[in-house]
Amino acid sequence: MLEPLDMSSLDRPTEPPDYILDGLLERGGVTILSGDTGTSKSLVALSICAAVIRGDSWMGRATRPGPVVVSDAEMTQRLAYERLRGFGFRGSDADSLGYLSRQAIDLGDEESVEALRDLCSQRKASVLALDALMGHAPGVDVNDNSAAVRLYAEVLRPLAADLNLALLLVHHDSKPRQGPRDSSLATMGARQWVGQADVQLTLEKAPKPHSTVTTDSAGFRSTTYRVRLRTPKRRDAPDAQRFEPLRVASRHNPDSSLDWIRVETDDAGPASEPAQGRDRDQENAEALIAFARDRDDGTTTAELAEAVGIDARSDSFKRPLNLALSMGLERVSRGVYRHDGLRATG
């Protein structure tokens with residue numbers, strides 16, 4: 001049965017968001033974290049889960065403590081145990097962390113979804129992390145926008161809403177191409193994997209040297225990966241220009257067993273985003289959205305290009321246009337756009 005919004009709620013103050021991780025993970029919401037190979041996506045996601053379980057801040061953001069369920073479609077049990085020990089988890093954490101290793105959960109299968117739903121409900125999970133998203137959707141064509149929308153509408157959003165938890169999806173990037181690479185546009189497959197999410201987080205490799213390995217005189221080997229965290233999309237507060245350097249560090253004992261893993265702010269990282277042209281692309285993307293929103297009769301490609309004074313055939317226009325599409329601009333048909341329910345006409 002269809003249930004319109006209770007309009008009487010408009011006469012009361014709006015309730016504040018129920019964040020589990022301030023600004024990034026909200027109860028009932030879906031956050032997608034993507035990144036290229038070598039950006040430590042899984043470790044960053046696991047560090048978020050560890051912070052939530054312990055009630056620790058994460059990169060300066062407050063958390064609300066609660067149990068977490070992680071479904072890992074890729075990691076073997078041996079490596080899963082090693083990583084969990086590296087983050088300081090022990091047997092006493094059994095009630096706060098439910099970790100599934102290669103359980104062959106298929107989000108297209110009702111029994112699998114119901115089993116996942118039951119586990120999260122029993123544990124009263126605050127966060128459900130799926131790593132990686134496509135490992136939990138083997139029957140879904142990654143390049144099919146309609147399939148992505150359907151999975152969100154029929155499975156992912158209901159899981160988050162019905163269980164009142166935050167859903168964290170780990171997703172891969174597409175294969176690298178020549179030239180500059182914008183992580184917000186590099187996610188693998190259809191654009192709706194990002195378009196349907198409430199928050200998008202991306203990880204990029206920092207400028208060289210991206211990784212360093214050192215061994216001390218006692219035989220302890222330390223490995224450090226430097227990455228850059230961005231938030232290209234937030235439905236309620238877009239902050240795509242925000243850029244945070246992170247350091248993902250680990251140390252192995254002389255016998256090669258993992259000693260510890262840490263994900264922390266990289267104080268030695270650059271103070272600002274070094275990618276040339278990104279600030280201008282962001283400004284133009286916001287201008288495109290504002291132009292489409294203000295036109296009652298909608299807009300076309302030519303009108304959008306004219307609004308920002310850029311040749312519609314150039315990459316200088318295509319980059320901000322693609323960014324605007326990830327931020328809420330909708331393509332109705334070829335060369336026809338709308339925003340906020342305003343349908344464009346050609």
# chains A, B, ... in the order shown; residues from 1 in each chain; ligands from 1
>>> residues_around(residues="A:Ser101", least_positions_apart="2", cutoff="9 Å", atoms="only C-alpha atoms", output="PyMOL selection string")
chain A and resi 70-77+80+99+103-104
>>> select_by_dssp(residues="stretch 103-320 of chain A", states="strand (DSSP E)", output="JSON, numbers by chain")
{"A": [127, 128, 129, 130, 131, 166, 167, 168, 169, 170, 171, 172, 199, 200, 201, 202, 203, 204, 205, 211, 212, 213, 214, 215, 221, 222, 223, 224, 225, 226, 227, 228, 229, 230, 231, 232, 233, 234, 243, 244, 245, 246, 247, 248, 249, 250, 251, 252, 258, 259, 260, 261, 262, 263, 264, 265, 299, 300]}
>>> write_last_selection(atoms="C-alpha atoms", output="mmCIF file, in the first residue's frame")
data_model
loop_
_atom_site.group_PDB
_atom_site.id
_atom_site.type_symbol
_atom_site.label_atom_id
_atom_site.label_comp_id
_atom_site.auth_asym_id
_atom_site.auth_seq_id
_atom_site.Cartn_x
_atom_site.Cartn_y
_atom_site.Cartn_z
ATOM 1 C CA VAL A 127 26.100 -1.085 10.504
ATOM 2 C CA LEU A 128 26.007 -3.749 7.807
ATOM 3 C CA ALA A 129 29.089 -3.715 5.565
ATOM 4 C CA LEU A 130 29.102 -5.643 2.261
ATOM 5 C CA ASP A 131 32.591 -6.152 0.808
ATOM 6 C CA ALA A 166 23.568 2.118 8.032
ATOM 7 C CA LEU A 167 24.526 0.094 4.976
ATOM 8 C CA LEU A 168 28.152 0.398 3.851
ATOM 9 C CA LEU A 169 28.888 -0.929 0.355
ATOM 10 C CA VAL A 170 32.468 -1.483 -0.805
ATOM 11 C CA HIS A 171 32.731 -1.240 -4.598
ATOM 12 C CA HIS A 172 35.571 -1.542 -7.094
ATOM 13 C CA VAL A 199 26.719 9.160 0.339
ATOM 14 C CA GLN A 200 29.674 8.411 -1.912
ATOM 15 C CA LEU A 201 33.194 8.013 -0.543
ATOM 16 C CA THR A 202 36.153 7.450 -2.833
ATOM 17 C CA LEU A 203 39.771 6.519 -2.269
ATOM 18 C CA GLU A 204 42.604 7.542 -4.575
ATOM 19 C CA LYS A 205 46.277 6.731 -4.500
ATOM 20 C CA SER A 211 53.627 2.966 -0.707
ATOM 21 C CA THR A 212 56.739 2.443 1.380
ATOM 22 C CA VAL A 213 58.179 -0.633 3.100
ATOM 23 C CA THR A 214 60.827 -0.486 5.817
ATOM 24 C CA THR A 215 62.450 -3.122 8.051
ATOM 25 C CA ARG A 221 58.573 -4.889 8.633
ATOM 26 C CA SER A 222 56.349 -1.825 8.315
ATOM 27 C CA THR A 223 54.235 -1.056 5.241
ATOM 28 C CA THR A 224 52.516 2.271 4.631
ATOM 29 C CA TYR A 225 50.010 3.164 1.903
ATOM 30 C CA ARG A 226 49.067 6.790 1.400
ATOM 31 C CA VAL A 227 45.611 7.444 -0.030
ATOM 32 C CA ARG A 228 43.224 10.366 -0.435
ATOM 33 C CA LEU A 229 39.656 10.236 0.841
ATOM 34 C CA ARG A 230 37.000 12.283 -0.939
ATOM 35 C CA THR A 231 33.258 12.715 -0.423
ATOM 36 C CA PRO A 232 31.937 13.555 -3.898
ATOM 37 C CA LYS A 233 28.302 13.079 -2.907
ATOM 38 C CA ARG A 234 26.124 13.751 0.129
ATOM 39 C CA PHE A 243 39.898 16.097 0.592
ATOM 40 C CA GLU A 244 41.583 14.132 3.368
ATOM 41 C CA PRO A 245 44.979 12.412 3.189
ATOM 42 C CA LEU A 246 44.995 9.034 4.969
ATOM 43 C CA ARG A 247 47.779 6.681 5.951
ATOM 44 C CA VAL A 248 47.090 2.934 6.034
ATOM 45 C CA ALA A 249 49.953 1.363 7.965
ATOM 46 C CA SER A 250 50.681 -2.184 9.124
ATOM 47 C CA ARG A 251 53.534 -3.966 10.827
ATOM 48 C CA HIS A 252 54.610 -7.593 10.606
ATOM 49 C CA LEU A 258 50.708 -9.428 11.380
ATOM 50 C CA ASP A 259 51.369 -7.265 14.427
ATOM 51 C CA TRP A 260 48.917 -4.388 13.859
ATOM 52 C CA ILE A 261 47.009 -2.304 11.295
ATOM 53 C CA ARG A 262 46.219 1.399 11.603
ATOM 54 C CA VAL A 263 44.205 3.770 9.442
ATOM 55 C CA GLU A 264 44.782 7.374 10.419
ATOM 56 C CA THR A 265 45.050 10.910 9.141
ATOM 57 C CA THR A 299 17.352 22.356 -20.321
ATOM 58 C CA THR A 300 19.414 20.758 -23.058
#
>>> residues_around(residues="A:Arg157", least_positions_apart="4", cutoff="9 Å", atoms="only C-alpha atoms", output="PyMOL selection string")
chain A and resi 28-30+151-153+161-162+167
>>> closest_residue(among="A:Leu107, A:Glu154, A:Asp118, A:Leu163", to="A:Gly135", atoms="only C-alpha atoms")
A:Leu107
>>> select_by_dssp(residues="stretch 30-260 of chain A", states="helix (DSSP H, G or I)", output="ChimeraX atom specification")
/A:41-54,77-86,91-93,110-123,133-136,145-162,183-185,192-195
>>> atom_distance(atom1="atom CA of A:Ala45", atom2="atom CA of A:Gly139")
24.3 Å
>>> closest_residue(among="A:Arg27, A:Glu114, A:Leu79, A:Gly86", to="A:Gly66", atoms="only C-alpha atoms")
A:Arg27
